[in-house]
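The structure appears below as C-alpha cells.
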Amino acid sequence: MVFQQLAAESLAPTACTTIEEVGSTGVGALTIAFLILAVSTVVFIARTGSATTQKKNYYCNVFICGFATMAYFAMLSGQGWTAVAGCRQFFYARYVDMGVTFPLVLLNLGLIAGCEGALIAAVIGAQMISTFSAYLGAVSVVTTVKWFWFVISISVFTMVIYSIAVSFREAAVAKGGDAADVYGRVAWLIIITWICYPLVWLFSEGFASFSVSFEVCAYAILDIISKAVFCFMVMGAHDSLGAGEAAGSREYV
C-alpha cells in the first residue's frame, strides 16, 4: 500500500515535453559495437563449421555475439527504448541482451572449467535474477523502490562473481590440464568487466549523472570486451581446451 501511494505521487507530474536522447557520439558507439559484434558472429559461425572439438564453446560464442548484434541493431535503429523518470532515454533492449548473453557467458565459463550442470544452472539463475532486478530498478519511478531493486541486484551479483572466482575456478583446477590456465585468463576478464556494469548503472540509470551518450559509450565498451574479446580468447584457447578434453577422455578408457 505504501509503495502504491508513492508510485501514484511520482506518476502525478505531467508527461515529458522533451527527452534526453542519445547524441552523435552515442550513435557512433552503437555503430562500432554493432559492426564488431556482427563481424565476430560471422567469424565464429565460420569457425564452428570447421571445428573438430569444443563445438559447444563455439556455439556459445556464436549466440553470445549474435544476440548482442541483434540488440545493438535494434538500438541503432531507434528500437528497444522508452522514456523513464527524469525524461531520459532508456534502452531496455540492453537488458534483453543481458538476459540472454550473460547466462551464455556463464555457460561457456562453466564448460571450460568442467563444472557440474547443477552448479552452472544455479549461477545462471542467480545472474538472471540480478539482471531482472537491475532492469526493474532502472524503470522504477519511486526512488526507494529503485534502490531496493538495486540492492537485490548487487547482492545476487556478488554471489555470481564469487562463483566465477572460486567455485568455477576450483572445478577448473580439478579438471587438470590447461583448463585452469585458460579459465583463469577468461574468468578474470569477465570479473573485471562485469564489475564495471553496476558502476555504470549507478551513474546512469541510478543517479542519472552520466549523459545518455556517455552511458551508451560505456556500455558499448564493456559489451565489446565481455563478449567479442572474451569469445575470441575462448576461440584462441581451442587447442588447449581440445587437448585437455582428449586427455580427460583417455583417462576413462
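All residue names refer to the C-alpha cells as shown: chains lettered A, B, ... in order, residues numbered from 1 in each chain, ligands numbered from 1 in order.
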Within 9 Å of range 103-105 of chain A using only C-alpha atoms, minus same-chain residues under 5 positions, as a CSV table (one decimal) with C-alpha atoms, in the first residue's frame:
```csv
chain,number,residue,atom,x,y,z
A,60,CYS,CA,28.1,-20.3,-27.1
A,61,ASN,CA,30.4,-17.8,-28.9
A,63,PHE,CA,24.9,-16.9,-29.8
A,64,ILE,CA,26.7,-14.5,-27.4
A,98,MET,CA,22.0,-9.2,-20.9
A,110,GLY,CA,31.3,-23.5,-16.8
A,121,ALA,CA,22.3,-23.8,-13.7
A,123,VAL,CA,24.8,-19.5,-11.1
A,124,ILE,CA,22.9,-18.7,-14.3
A,125,GLY,CA,19.6,-18.5,-12.3
A,127,GLN,CA,22.6,-13.9,-12.8
A,128,MET,CA,19.1,-13.8,-14.3
A,190,ILE,CA,34.7,-11.3,-17.2
A,226,SER,CA,33.0,-9.0,-22.2
A,227,LYS,CA,31.5,-10.6,-25.4
A,230,PHE,CA,36.0,-12.9,-24.4
A,231,CYS,CA,34.8,-15.1,-27.2
```
- Task: Name all residues at most 9 Å from Ser40 in chain A (count only C-alpha atoms; drop same-chain ones fewer than 5 positions away) and give them as a count of residues only.
- Result: 9
With only C-alpha atoms counted and 10 Å as the cut-off, give the residues of range 67-185 of chain A in contact with range 197-206 of chain A, each with its shortest interatomic distance in Å and the pair that gives it, as JSON lines.
```
{"residue": "A:Val84", "atom": "CA", "partner": "A:Glu205", "partner_atom": "CA", "distance": 9.1}
{"residue": "A:Ala85", "atom": "CA", "partner": "A:Glu205", "partner_atom": "CA", "distance": 9.6}
{"residue": "A:Arg88", "atom": "CA", "partner": "A:Glu205", "partner_atom": "CA", "distance": 9.0}
{"residue": "A:Gln89", "atom": "CA", "partner": "A:Glu205", "partner_atom": "CA", "distance": 9.8}
{"residue": "A:Phe90", "atom": "CA", "partner": "A:Glu205", "partner_atom": "CA", "distance": 8.0}
{"residue": "A:Ala134", "atom": "CA", "partner": "A:Trp201", "partner_atom": "CA", "distance": 8.3}
{"residue": "A:Tyr135", "atom": "CA", "partner": "A:Glu205", "partner_atom": "CA", "distance": 9.2}
{"residue": "A:Gly137", "atom": "CA", "partner": "A:Gly206", "partner_atom": "CA", "distance": 8.0}
{"residue": "A:Ala138", "atom": "CA", "partner": "A:Glu205", "partner_atom": "CA", "distance": 5.2}
{"residue": "A:Val139", "atom": "CA", "partner": "A:Glu205", "partner_atom": "CA", "distance": 8.2}
{"residue": "A:Ser140", "atom": "CA", "partner": "A:Glu205", "partner_atom": "CA", "distance": 9.7}
{"residue": "A:Thr143", "atom": "CA", "partner": "A:Gly206", "partner_atom": "CA", "distance": 9.1}
{"residue": "A:Lys146", "atom": "CA", "partner": "A:Gly206", "partner_atom": "CA", "distance": 7.8}
{"residue": "A:Trp147", "atom": "CA", "partner": "A:Gly206", "partner_atom": "CA", "distance": 8.0}
{"residue": "A:Phe150", "atom": "CA", "partner": "A:Gly206", "partner_atom": "CA", "distance": 8.6}
{"residue": "A:Ser153", "atom": "CA", "partner": "A:Pro198", "partner_atom": "CA", "distance": 9.0}
{"residue": "A:Ile154", "atom": "CA", "partner": "A:Pro198", "partner_atom": "CA", "distance": 7.5}
{"residue": "A:Phe157", "atom": "CA", "partner": "A:Pro198", "partner_atom": "CA", "distance": 9.2}
```
Between A:Leu241, A:Cys217, A:Ile224, A:Thr69, smallest distance to Asp181 in chain A by only C-alpha atoms belongs to A:Leu241
- Message: I need the residue nearest Ala171 in chain A from this list: A:Leu119, A:Ala15, A:Ile32, A:Ala46. Use only C-alpha atoms for the distance.
- Response: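 Closest to Ala171 in chain A, using only C-alpha atoms: A:Leu119.
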Note to self: Just want the 9 Å neighbourhood of Met75 in chain A, counted on only C-alpha atoms, with same-chain residues fewer than 2 positions away dropped. Output as a list in words.
What the structure shows: Val27, Leu30, Met70, Ala71, Tyr72, Phe73, Ser77, Gly78, Gln79, Gly80, Trp81, Phe91, Ala93 and Arg94 of chain A
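The coordinates place CA of Arg185 in chain A at 23.5 Å from CA of Val156 in chain A.
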For this session: Pick out each residue of range 32-205 of chain A that DSSP on the backbone tags as helix (DSSP H, G or I); I need them as number ranges by chain.
Result: A: 32-50, 55-76, 93-113, 117-139, 143-175, 179-205
Q) Contacts of Gly236 in chain A at 12 Å or less, counting only C-alpha atoms, minus same-chain residues fewer than 6 places along, as a list in words? A)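 What passes the distance filter is Phe44, Arg47, Gln54, Asn57, Tyr58, Asn61, Val182, Arg185, Val186, Val229, Phe230 and Gly242 of chain A.
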Problem - Surrounding residues of Val216 in chain A excluding itself and chain neighbours under 2 positions, 9 Å, only C-alpha atoms, as an MDAnalysis selection string - result: chainID A and resid 22 25:27 29:30 91 211:214 218:221
Top pick for closest residue to Thr18 in chain A, considering A:Met159, A:Ile129, A:Ala187, A:Cys87 and counting only C-alpha atoms: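 That would be A:Cys87, the residue with the smallest distance to Thr18 in chain A.
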Which of these, A:Tyr59, A:Ala68, A:Phe132, A:Glu21, has the shortest distance to Ile36 in chain A once you count only C-alpha atoms?
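Ranking A:Tyr59, A:Ala68, A:Phe132, A:Glu21 by distance to Ile36 in chain A, first place goes to A:Ala68.
In this comparison, which uses only C-alpha atoms, the residue of A:Thr17, A:Cys115, A:Met235, A:Thr158 approaching Lys175 in chain A most closely is A:Cys115.
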